[in-house]
Structure formats: C-alpha cells, structure tokens
Amino acid sequence: MRGATGSHTGAHAVSSPLGRTALTTLGVVGAVGVGTAVWGIGIERYLYTVRRHDVRILPAGSTPLRILHISDIHMAPWQHRKQRWLAGLAEELRPDLIVNTGDNLGHAEGLTGVRAALDPLRGIPGVYVHGSNDHDAPLPRNPLLYFSGPSTSVPKPERLDVGALDDYLQSELGWHELNNAAASFTADDRLIAAFGVSDAHRHWDRLDVLPPLVADLAAQSPALTFGVSHAPYRRVLDTFTGLGADMIFAGHTHGGQVRMPGFGALVANCDIPLDQARGLSTWTADGRSVPLNVSAGVGHSIYAPVRFACRPEVSLLTLTAVDTQIAPDGGSGSER
C-alpha cells in the first residue's frame, strides 16, 4: 500500500493544475521566442519600406523639393535583394536631392554591392557623411551590452577601403562630402547649403570648425541650409540648430533595431531621447526649433541579422511651402 500510495502521489504532482500551467506557460514563451526570431531574422529584415513625410519649411509659393534620405546600408556583397530594392528607388521616387548619413559598408567587399544599389542615383545632387562602418568592418558584439549605454569602439578592427568609397560617392555619383566640412550646390534650380560632421559616436566630429564654414555658406544666401550627421548626439543637434540649419538629418540608431510594439525603441546607441530614435520630429535648442529626421536605416550588421517592429527603410521627405495645404489624411508621415 505504501508503494502504491507513493506512486499515486508522484503521478498527482506531475498532472496537477499548477504543473500543467507551468508547462503550458513555458511552451507559449518558447513558441513566442521562436516565432519572434523567425519573423525578425527571416522576414522583417527584408520588408523594405519608404517612409514618407511632408515638411512645410519652404518660403510661401515655393515648389516642392523631394529629398531621399538613405542611411546605414551596411552592405555585404551577397545582399542582392537589398541592392535591387535600393536600385529601383531612383525611378520610383524621382528625388531632387540625396542625403546619405553613412555606414554604407558592412563587409570588406561591400563596395561592390553599394555600386549595384546606388548607381541609378548617378547625376542626382547629393551629400554624405561617414559612419564608423565606412572605415572599420563590423565585429561580433553582445547585443545586450547596448542596454548599458552607447557602445564603445573595439581595438584593431579590420580596416575598410574608405578611400575607394569616397572616390565612388564623389567622383562617380557627384556627391559632396560633409565630414567636418560644408558645401553649396544646386538642386532643382535652388542653391542649397549643407554642413556636417564625421561620426560623432566615435568622437570624430569637429564642431569647432563649423562656424566659419557656415558663415561662408550664409554669405551666399542659399534657399536652404541642412545639417548632416551620422549619429544624432545632442551636442551635434544643438550645434547644428544654433548654426541655423533649416533641417537636420541623421541615422545610426537603426530605429532601436528592435522595438516593442506600443512602446518604441529600447535603445538608441547614443544620447538622443528614445522617442526621437526614428522618424521625423522637432529638435529645439538656442530658442530655435527645426525638423529632425532620423532614419532607421536599410541594413544591419552581418553579425546581428535581425529587425523587429522596425522595418528597414529609407525616407522620402517632400519639402513644401509654409502656405501649402496638407490633406487631412496625409502630412506627418506614411510608409509603403
């Protein structure tokens, strides 16, 4: 009887409601985890989208100016699907100006894929700055470390051929480099001024060199002045706003790369507020407020091939006159 009772007690413990609930919960959690991984790795990172915004900052009566903002391509040579999608944007969107906020390369042979992706934009005026992955190849990282603050550089990464990238972007595409520099050019028959910094995440920004450069630009009476940075650190955004930028462009954050539905970005890998880690918002400093567009980017590190609740993207920003009437169902932003 004692043996039978013991056997009965053991069977009862396994089949109790509490035990069944625990096993069911573990099963559900496991299934959700697997489903999330399958979605983020196998599906969403290929769901390329154009995020569209109308920005009313042009003088009254002006015709629209269409700006294609590309960032964080992180190109590897085998990423043909991404290359084809980017290559089709010139014909589909017909932009007047390209703003590229860096991290074009994601592999030592990435320039081959960058050429395939960006060649159709040849002849469209453009500007660009560097991210760290235009100089250094990516390395494996523990993604949980991002929750402890912005990532730090690692010693002796593989060097990429940034000179070949610059030669392509400047000599072949005709774009202007803005790494701690400034430029003026014509886009859609308008004089555009732009200034920028190299990757602030790696402390390559030289904000001190910008004031005289921007003063020279202002003397030309441009129609618009843009500030361009890879990483949207507050010190950079504050300085750009104070120097009179009409609009600011940045990337780097990957939109958080992993976002929680209903919450947003979990990390930004810099000090920008998390609610501004992706998309169009307003930055205020020195009594001025200007539009800020932070692109979530098109790519990902080859060592972290995942996007979740943050589709890979480019931005199409249509600048319109301040007296433009925006339809009730349009305006602030949409995506396709």
# chains A, B, ... in the order shown; residues from 1 in each chain; ligands from 1
$ residues_around --residues "region 297-307 of chain A" --least-positions-apart "2" --cutoff "9 Å" --atoms "only C-alpha atoms" --output "PyMOL selection string"
chain A and resi 37+39-46+48-49+70-76+82+86+104+106-107+138-141+143+251-255+257-259+294-295+309-315
$ write_last_selection --atoms "N, CA and C atoms" --output "tab-separated table (two decimals), in the first residue's frame"
chain	number	residue	atom	x	y	z
A	37	ALA	N	11.95	35.26	-33.40
A	37	ALA	CA	13.23	35.11	-34.09
A	37	ALA	C	13.03	34.85	-35.57
A	39	TRP	N	10.46	35.71	-37.41
A	39	TRP	CA	9.97	36.93	-38.04
A	39	TRP	C	11.09	37.95	-38.22
A	40	GLY	N	11.85	38.22	-37.14
A	40	GLY	CA	12.88	39.26	-37.20
A	40	GLY	C	14.05	38.92	-38.10
A	41	ILE	N	14.42	37.63	-38.14
A	41	ILE	CA	15.58	37.21	-38.93
A	41	ILE	C	15.19	36.82	-40.35
A	42	GLY	N	14.07	36.14	-40.49
A	42	GLY	CA	13.74	35.60	-41.78
A	42	GLY	C	12.76	36.39	-42.61
A	43	ILE	N	12.05	37.35	-41.99
A	43	ILE	CA	11.00	38.06	-42.73
A	43	ILE	C	11.18	39.57	-42.67
A	44	GLU	N	11.11	40.16	-41.46
A	44	GLU	CA	11.02	41.61	-41.39
A	44	GLU	C	12.26	42.32	-41.92
A	45	ARG	N	13.42	41.73	-41.78
A	45	ARG	CA	14.61	42.44	-42.26
A	45	ARG	C	14.64	42.58	-43.78
A	46	TYR	N	13.71	41.90	-44.46
A	46	TYR	CA	13.59	42.05	-45.91
A	46	TYR	C	12.38	42.89	-46.32
A	48	TYR	N	11.51	45.94	-46.89
A	48	TYR	CA	12.00	47.30	-47.15
A	48	TYR	C	10.82	48.24	-47.40
A	49	THR	N	10.93	49.44	-46.84
A	49	THR	CA	9.82	50.39	-46.94
A	49	THR	C	10.33	51.81	-47.16
A	70	ILE	N	18.97	58.29	-47.20
A	70	ILE	CA	19.43	56.91	-47.12
A	70	ILE	C	20.45	56.81	-45.99
A	71	SER	N	20.38	55.74	-45.22
A	71	SER	CA	21.32	55.60	-44.11
A	71	SER	C	21.56	54.13	-43.78
A	72	ASP	N	22.73	53.86	-43.21
A	72	ASP	CA	23.03	52.56	-42.59
A	72	ASP	C	22.69	51.39	-43.51
A	73	ILE	N	23.25	51.44	-44.72
A	73	ILE	CA	23.06	50.34	-45.66
A	73	ILE	C	23.77	49.08	-45.16
A	74	HIS	N	24.95	49.23	-44.58
A	74	HIS	CA	25.73	48.09	-44.06
A	74	HIS	C	25.81	46.98	-45.10
A	75	MET	N	26.27	47.34	-46.28
A	75	MET	CA	26.18	46.43	-47.42
A	75	MET	C	27.23	45.32	-47.37
A	76	ALA	N	26.77	44.11	-47.62
A	76	ALA	CA	27.63	42.96	-47.89
A	76	ALA	C	27.39	42.55	-49.34
A	82	LYS	N	18.53	43.52	-51.22
A	82	LYS	CA	18.64	44.91	-50.78
A	82	LYS	C	19.18	45.79	-51.90
A	86	LEU	N	17.10	49.07	-53.47
A	86	LEU	CA	17.67	50.42	-53.48
A	86	LEU	C	17.83	50.94	-54.91
A	104	ASN	N	27.70	52.95	-44.99
A	104	ASN	CA	27.36	52.29	-46.25
A	104	ASN	C	27.91	50.87	-46.33
A	106	GLY	N	29.37	47.17	-44.93
A	106	GLY	CA	29.20	46.20	-43.86
A	106	GLY	C	30.09	44.99	-44.04
A	107	HIS	N	31.06	45.10	-44.99
A	107	HIS	CA	31.91	43.97	-45.32
A	107	HIS	C	33.07	44.52	-46.15
A	138	PRO	N	32.49	45.48	-39.35
A	138	PRO	CA	31.78	45.13	-38.11
A	138	PRO	C	32.44	43.94	-37.43
A	139	LEU	N	32.23	43.85	-36.13
A	139	LEU	CA	32.72	42.73	-35.34
A	139	LEU	C	31.56	42.18	-34.51
A	140	PRO	N	31.64	40.91	-34.12
A	140	PRO	CA	30.58	40.35	-33.27
A	140	PRO	C	30.49	41.11	-31.96
A	141	ARG	N	29.26	41.43	-31.54
A	141	ARG	CA	29.03	42.11	-30.27
A	141	ARG	C	27.88	41.42	-29.55
A	143	PRO	N	24.56	41.93	-28.10
A	143	PRO	CA	23.56	43.00	-28.23
A	143	PRO	C	23.02	43.47	-26.89
A	251	GLY	N	21.31	59.26	-38.83
A	251	GLY	CA	20.98	57.85	-38.89
A	251	GLY	C	21.47	57.16	-37.63
A	252	HIS	N	22.24	56.07	-37.79
A	252	HIS	CA	22.99	55.41	-36.72
A	252	HIS	C	22.15	54.56	-35.78
A	253	THR	N	20.98	55.00	-35.39
A	253	THR	CA	20.23	54.34	-34.32
A	253	THR	C	19.61	53.02	-34.75
A	254	HIS	N	19.44	52.81	-36.05
A	254	HIS	CA	18.67	51.68	-36.57
A	254	HIS	C	17.25	51.69	-36.01
A	255	GLY	N	16.79	52.85	-35.57
A	255	GLY	CA	15.45	52.97	-35.00
A	255	GLY	C	15.29	52.21	-33.71
A	257	GLN	N	16.54	49.23	-33.77
A	257	GLN	CA	16.66	47.94	-34.44
A	257	GLN	C	15.64	46.94	-33.92
A	258	VAL	N	15.57	46.78	-32.61
A	258	VAL	CA	14.48	46.00	-32.01
A	258	VAL	C	13.60	46.97	-31.23
A	259	ARG	N	12.33	47.06	-31.62
A	259	ARG	CA	11.38	47.94	-30.96
A	259	ARG	C	10.25	47.10	-30.38
A	294	VAL	N	15.56	61.23	-38.36
A	294	VAL	CA	16.50	60.16	-38.01
A	294	VAL	C	16.04	58.90	-38.74
A	295	SER	N	16.85	58.45	-39.69
A	295	SER	CA	16.50	57.26	-40.45
A	295	SER	C	16.83	56.01	-39.66
A	309	ALA	N	9.82	44.88	-35.38
A	309	ALA	CA	8.97	46.07	-35.22
A	309	ALA	C	9.70	47.33	-35.68
A	310	CYS	N	10.59	47.16	-36.65
A	310	CYS	CA	11.38	48.29	-37.16
A	310	CYS	C	11.87	47.92	-38.55
A	311	ARG	N	10.99	48.04	-39.52
A	311	ARG	CA	11.32	47.62	-40.88
A	311	ARG	C	12.48	48.43	-41.45
A	312	PRO	N	13.33	47.82	-42.27
A	312	PRO	CA	14.40	48.57	-42.94
A	312	PRO	C	13.78	49.62	-43.85
A	313	GLU	N	14.39	50.80	-43.89
A	313	GLU	CA	13.71	51.92	-44.53
A	313	GLU	C	14.65	52.93	-45.16
A	314	VAL	N	14.11	53.69	-46.08
A	314	VAL	CA	14.62	54.99	-46.47
A	314	VAL	C	13.51	55.99	-46.21
A	315	SER	N	13.85	57.27	-46.24
A	315	SER	CA	12.84	58.31	-46.04
A	315	SER	C	12.75	59.17	-47.30
$ residues_around --residues "Phe240 (chain A)" --least-positions-apart "6" --cutoff "10 Å" --atoms "only C-alpha atoms" --output "ChimeraX atom specification"
/A:195-197,207,210-211,214,226-229,234,246-248,283,285,290
$ closest_residue --among "A:Ala250, A:Leu58, A:Leu89, A:Leu274" --to "Arg190 (chain A)" --atoms "only C-alpha atoms"
A:Leu58
$ closest_residue --among "A:Gln170, A:Gln83, A:Thr241, A:Thr318" --to "Leu97 (chain A)" --atoms "only C-alpha atoms"
A:Thr318
$ residues_around --residues "Pro232 (chain A)" --least-positions-apart "4" --cutoff "10 Å" --atoms "only C-alpha atoms" --output "ChimeraX atom specification"
/A:199-201,228,236-238,248-253,268-273,276-277,292-294
$ select_by_dssp --residues "region 186-257 of chain A" --states "strand (DSSP E or B)" --output "PyMOL selection string"
chain A and resi 186-187+190-196+224-228+247-250
$ write_last_selection --atoms "N, CA, C and O atoms" --output "PDB file, in the first residue's frame"
ATOM      1  N   THR A 186      23.628  73.239 -56.392  1.00  0.00           N
ATOM      2  CA  THR A 186      22.285  73.496 -56.911  1.00  0.00           C
ATOM      3  C   THR A 186      21.504  72.192 -57.008  1.00  0.00           C
ATOM      4  O   THR A 186      22.010  71.178 -57.498  1.00  0.00           O
ATOM      5  N   ALA A 187      20.285  72.222 -56.515  1.00  0.00           N
ATOM      6  CA  ALA A 187      19.364  71.098 -56.649  1.00  0.00           C
ATOM      7  C   ALA A 187      18.006  71.649 -57.037  1.00  0.00           C
ATOM      8  O   ALA A 187      17.484  72.550 -56.361  1.00  0.00           O
ATOM      9  N   ARG A 190      17.762  75.375 -57.219  1.00  0.00           N
ATOM     10  CA  ARG A 190      17.862  76.138 -55.973  1.00  0.00           C
ATOM     11  C   ARG A 190      19.237  75.969 -55.382  1.00  0.00           C
ATOM     12  O   ARG A 190      19.815  74.872 -55.412  1.00  0.00           O
ATOM     13  N   LEU A 191      19.766  77.040 -54.806  1.00  0.00           N
ATOM     14  CA  LEU A 191      21.057  76.952 -54.142  1.00  0.00           C
ATOM     15  C   LEU A 191      20.854  76.340 -52.757  1.00  0.00           C
ATOM     16  O   LEU A 191      20.117  76.874 -51.927  1.00  0.00           O
ATOM     17  N   ILE A 192      21.522  75.226 -52.526  1.00  0.00           N
ATOM     18  CA  ILE A 192      21.427  74.502 -51.261  1.00  0.00           C
ATOM     19  C   ILE A 192      22.778  74.578 -50.552  1.00  0.00           C
ATOM     20  O   ILE A 192      23.826  74.392 -51.178  1.00  0.00           O
ATOM     21  N   ALA A 193      22.748  74.845 -49.272  1.00  0.00           N
ATOM     22  CA  ALA A 193      23.955  74.814 -48.444  1.00  0.00           C
ATOM     23  C   ALA A 193      23.819  73.663 -47.453  1.00  0.00           C
ATOM     24  O   ALA A 193      22.728  73.376 -46.957  1.00  0.00           O
ATOM     25  N   ALA A 194      24.931  73.000 -47.175  1.00  0.00           N
ATOM     26  CA  ALA A 194      24.902  71.882 -46.235  1.00  0.00           C
ATOM     27  C   ALA A 194      26.221  71.806 -45.492  1.00  0.00           C
ATOM     28  O   ALA A 194      27.279  72.107 -46.049  1.00  0.00           O
ATOM     29  N   PHE A 195      26.161  71.428 -44.232  1.00  0.00           N
ATOM     30  CA  PHE A 195      27.359  71.209 -43.438  1.00  0.00           C
ATOM     31  C   PHE A 195      27.159  69.966 -42.592  1.00  0.00           C
ATOM     32  O   PHE A 195      26.023  69.530 -42.362  1.00  0.00           O
ATOM     33  N   GLY A 196      28.261  69.383 -42.140  1.00  0.00           N
ATOM     34  CA  GLY A 196      28.119  68.151 -41.382  1.00  0.00           C
ATOM     35  C   GLY A 196      29.375  67.788 -40.625  1.00  0.00           C
ATOM     36  O   GLY A 196      30.379  68.502 -40.659  1.00  0.00           O
ATOM     37  N   LEU A 224      18.130  77.009 -48.786  1.00  0.00           N
ATOM     38  CA  LEU A 224      18.006  76.114 -47.642  1.00  0.00           C
ATOM     39  C   LEU A 224      19.385  75.746 -47.129  1.00  0.00           C
ATOM     40  O   LEU A 224      20.353  75.673 -47.901  1.00  0.00           O
ATOM     41  N   THR A 225      19.460  75.497 -45.830  1.00  0.00           N
ATOM     42  CA  THR A 225      20.706  75.033 -45.219  1.00  0.00           C
ATOM     43  C   THR A 225      20.411  73.785 -44.394  1.00  0.00           C
ATOM     44  O   THR A 225      19.523  73.797 -43.533  1.00  0.00           O
ATOM     45  N   PHE A 226      21.152  72.716 -44.651  1.00  0.00           N
ATOM     46  CA  PHE A 226      20.944  71.445 -43.970  1.00  0.00           C
ATOM     47  C   PHE A 226      22.141  71.089 -43.103  1.00  0.00           C
ATOM     48  O   PHE A 226      23.290  71.369 -43.461  1.00  0.00           O
ATOM     49  N   GLY A 227      21.871  70.453 -41.964  1.00  0.00           N
ATOM     50  CA  GLY A 227      22.912  69.873 -41.136  1.00  0.00           C
ATOM     51  C   GLY A 227      22.836  68.361 -41.237  1.00  0.00           C
ATOM     52  O   GLY A 227      21.745  67.785 -41.165  1.00  0.00           O
ATOM     53  N   VAL A 228      23.996  67.703 -41.391  1.00  0.00           N
ATOM     54  CA  VAL A 228      24.029  66.263 -41.654  1.00  0.00           C
ATOM     55  C   VAL A 228      25.022  65.591 -40.714  1.00  0.00           C
ATOM     56  O   VAL A 228      26.183  65.998 -40.628  1.00  0.00           O
ATOM     57  N   MET A 247      17.043  72.215 -41.471  1.00  0.00           N
ATOM     58  CA  MET A 247      16.609  70.838 -41.211  1.00  0.00           C
ATOM     59  C   MET A 247      17.849  70.013 -40.932  1.00  0.00           C
ATOM     60  O   MET A 247      18.940  70.316 -41.448  1.00  0.00           O
ATOM     61  N   ILE A 248      17.703  68.959 -40.117  1.00  0.00           N
ATOM     62  CA  ILE A 248      18.823  68.114 -39.725  1.00  0.00           C
ATOM     63  C   ILE A 248      18.509  66.669 -40.100  1.00  0.00           C
ATOM     64  O   ILE A 248      17.376  66.193 -39.926  1.00  0.00           O
ATOM     65  N   PHE A 249      19.547  65.962 -40.583  1.00  0.00           N
ATOM     66  CA  PHE A 249      19.420  64.563 -40.990  1.00  0.00           C
ATOM     67  C   PHE A 249      20.439  63.730 -40.219  1.00  0.00           C
ATOM     68  O   PHE A 249      21.588  64.139 -40.053  1.00  0.00           O
ATOM     69  N   ALA A 250      20.036  62.540 -39.778  1.00  0.00           N
ATOM     70  CA  ALA A 250      20.940  61.636 -39.064  1.00  0.00           C
ATOM     71  C   ALA A 250      20.468  60.203 -39.258  1.00  0.00           C
ATOM     72  O   ALA A 250      19.374  59.941 -39.770  1.00  0.00           O
TER      73      ALA A 250
END
$ atom_distance --atom1 "CA of Pro64 (chain A)" --atom2 "CA of Asp275 (chain A)"
27.9 Å
$ atom_distance --atom1 "CA of Arg278 (chain A)" --atom2 "CA of Leu121 (chain A)"
24.2 Å
$ closest_residue --among "A:Met260, A:Val99, A:Ala245, A:Ala218" --to "Val127 (chain A)" --atoms "only C-alpha atoms"
A:Val99
$ closest_residue --among "A:Glu177, A:Gly279, A:Ala60, A:Leu317" --to "Gly264 (chain A)" --atoms "only C-alpha atoms"
A:Gly279
$ closest_residue --among "A:Arg51, A:Arg94, A:His69, A:Arg81" --to "Asp188 (chain A)" --atoms "only C-alpha atoms"
A:Arg94
$ select_by_dssp --residues "region 220-294 of chain A" --states "alpha helix (DSSP H)" --output "PyMOL selection string"
chain A and resi 234-242
$ write_last_selection --atoms "N, CA, C and O atoms" --output "PDB file, in the first residue's frame"
ATOM      1  N   ARG A 234      23.212  64.731 -28.883  1.00  0.00           N
ATOM      2  CA  ARG A 234      22.623  66.022 -28.523  1.00  0.00           C
ATOM      3  C   ARG A 234      23.567  67.182 -28.808  1.00  0.00           C
ATOM      4  O   ARG A 234      23.129  68.244 -29.253  1.00  0.00           O
ATOM      5  N   ARG A 235      24.868  66.984 -28.548  1.00  0.00           N
ATOM      6  CA  ARG A 235      25.814  68.083 -28.772  1.00  0.00           C
ATOM      7  C   ARG A 235      25.830  68.493 -30.240  1.00  0.00           C
ATOM      8  O   ARG A 235      25.966  69.677 -30.570  1.00  0.00           O
ATOM      9  N   VAL A 236      25.679  67.503 -31.128  1.00  0.00           N
ATOM     10  CA  VAL A 236      25.671  67.784 -32.558  1.00  0.00           C
ATOM     11  C   VAL A 236      24.377  68.487 -32.953  1.00  0.00           C
ATOM     12  O   VAL A 236      24.387  69.508 -33.663  1.00  0.00           O
ATOM     13  N   LEU A 237      23.250  67.971 -32.493  1.00  0.00           N
ATOM     14  CA  LEU A 237      21.957  68.553 -32.849  1.00  0.00           C
ATOM     15  C   LEU A 237      21.837  69.976 -32.313  1.00  0.00           C
ATOM     16  O   LEU A 237      21.315  70.872 -33.006  1.00  0.00           O
ATOM     17  N   ASP A 238      22.317  70.201 -31.091  1.00  0.00           N
ATOM     18  CA  ASP A 238      22.276  71.558 -30.518  1.00  0.00           C
ATOM     19  C   ASP A 238      23.118  72.523 -31.348  1.00  0.00           C
ATOM     20  O   ASP A 238      22.694  73.655 -31.637  1.00  0.00           O
ATOM     21  N   THR A 239      24.312  72.080 -31.730  1.00  0.00           N
ATOM     22  CA  THR A 239      25.199  72.951 -32.503  1.00  0.00           C
ATOM     23  C   THR A 239      24.618  73.236 -33.877  1.00  0.00           C
ATOM     24  O   THR A 239      24.625  74.392 -34.338  1.00  0.00           O
ATOM     25  N   PHE A 240      24.097  72.210 -34.547  1.00  0.00           N
ATOM     26  CA  PHE A 240      23.512  72.412 -35.870  1.00  0.00           C
ATOM     27  C   PHE A 240      22.346  73.398 -35.810  1.00  0.00           C
ATOM     28  O   PHE A 240      22.204  74.267 -36.675  1.00  0.00           O
ATOM     29  N   THR A 241      21.516  73.250 -34.786  1.00  0.00           N
ATOM     30  CA  THR A 241      20.370  74.154 -34.643  1.00  0.00           C
ATOM     31  C   THR A 241      20.845  75.583 -34.412  1.00  0.00           C
ATOM     32  O   THR A 241      20.332  76.534 -35.029  1.00  0.00           O
ATOM     33  N   GLY A 242      21.836  75.746 -33.540  1.00  0.00           N
ATOM     34  CA  GLY A 242      22.366  77.074 -33.266  1.00  0.00           C
ATOM     35  C   GLY A 242      23.037  77.711 -34.456  1.00  0.00           C
ATOM     36  O   GLY A 242      23.066  78.946 -34.576  1.00  0.00           O
TER      37      GLY A 242
END
$ atom_distance --atom1 "CA of Gly256 (chain A)" --atom2 "CA of Val50 (chain A)"
17.5 Å
$ decode --residues "region 289-300 of chain A" --atoms "N, CA and C atoms" --output "PDB file, in the first residue's frame"
ATOM      1  N   SER A 289      13.619  75.891 -33.236  1.00  0.00           N
ATOM      2  CA  SER A 289      13.120  74.541 -33.438  1.00  0.00           C
ATOM      3  C   SER A 289      13.200  74.211 -34.917  1.00  0.00           C
ATOM      4  N   VAL A 290      13.788  73.053 -35.234  1.00  0.00           N
ATOM      5  CA  VAL A 290      13.949  72.659 -36.632  1.00  0.00           C
ATOM      6  C   VAL A 290      13.528  71.202 -36.799  1.00  0.00           C
ATOM      7  N   PRO A 291      13.094  70.834 -38.010  1.00  0.00           N
ATOM      8  CA  PRO A 291      12.765  69.431 -38.262  1.00  0.00           C
ATOM      9  C   PRO A 291      14.029  68.565 -38.182  1.00  0.00           C
ATOM     10  N   LEU A 292      13.876  67.402 -37.588  1.00  0.00           N
ATOM     11  CA  LEU A 292      14.953  66.421 -37.478  1.00  0.00           C
ATOM     12  C   LEU A 292      14.442  65.096 -38.014  1.00  0.00           C
ATOM     13  N   ASN A 293      15.148  64.538 -38.992  1.00  0.00           N
ATOM     14  CA  ASN A 293      14.786  63.208 -39.485  1.00  0.00           C
ATOM     15  C   ASN A 293      15.900  62.224 -39.159  1.00  0.00           C
ATOM     16  N   VAL A 294      15.559  61.227 -38.359  1.00  0.00           N
ATOM     17  CA  VAL A 294      16.497  60.160 -38.012  1.00  0.00           C
ATOM     18  C   VAL A 294      16.041  58.902 -38.740  1.00  0.00           C
ATOM     19  N   SER A 295      16.846  58.454 -39.690  1.00  0.00           N
ATOM     20  CA  SER A 295      16.496  57.263 -40.447  1.00  0.00           C
ATOM     21  C   SER A 295      16.832  56.011 -39.660  1.00  0.00           C
ATOM     22  N   ALA A 296      15.919  55.045 -39.675  1.00  0.00           N
ATOM     23  CA  ALA A 296      16.184  53.751 -39.052  1.00  0.00           C
ATOM     24  C   ALA A 296      17.099  52.890 -39.904  1.00  0.00           C
ATOM     25  N   GLY A 297      17.388  53.323 -41.128  1.00  0.00           N
ATOM     26  CA  GLY A 297      18.364  52.642 -41.953  1.00  0.00           C
ATOM     27  C   GLY A 297      17.831  51.444 -42.698  1.00  0.00           C
ATOM     28  N   VAL A 298      18.633  51.012 -43.658  1.00  0.00           N
ATOM     29  CA  VAL A 298      18.228  49.932 -44.548  1.00  0.00           C
ATOM     30  C   VAL A 298      18.794  48.581 -44.107  1.00  0.00           C
ATOM     31  N   GLY A 299      19.920  48.593 -43.407  1.00  0.00           N
ATOM     32  CA  GLY A 299      20.628  47.349 -43.179  1.00  0.00           C
ATOM     33  C   GLY A 299      20.765  46.963 -41.726  1.00  0.00           C
ATOM     34  N   HIS A 300      21.715  46.076 -41.497  1.00  0.00           N
ATOM     35  CA  HIS A 300      22.009  45.556 -40.166  1.00  0.00           C
ATOM     36  C   HIS A 300      23.412  44.990 -40.216  1.00  0.00           C
TER      37      HIS A 300
END
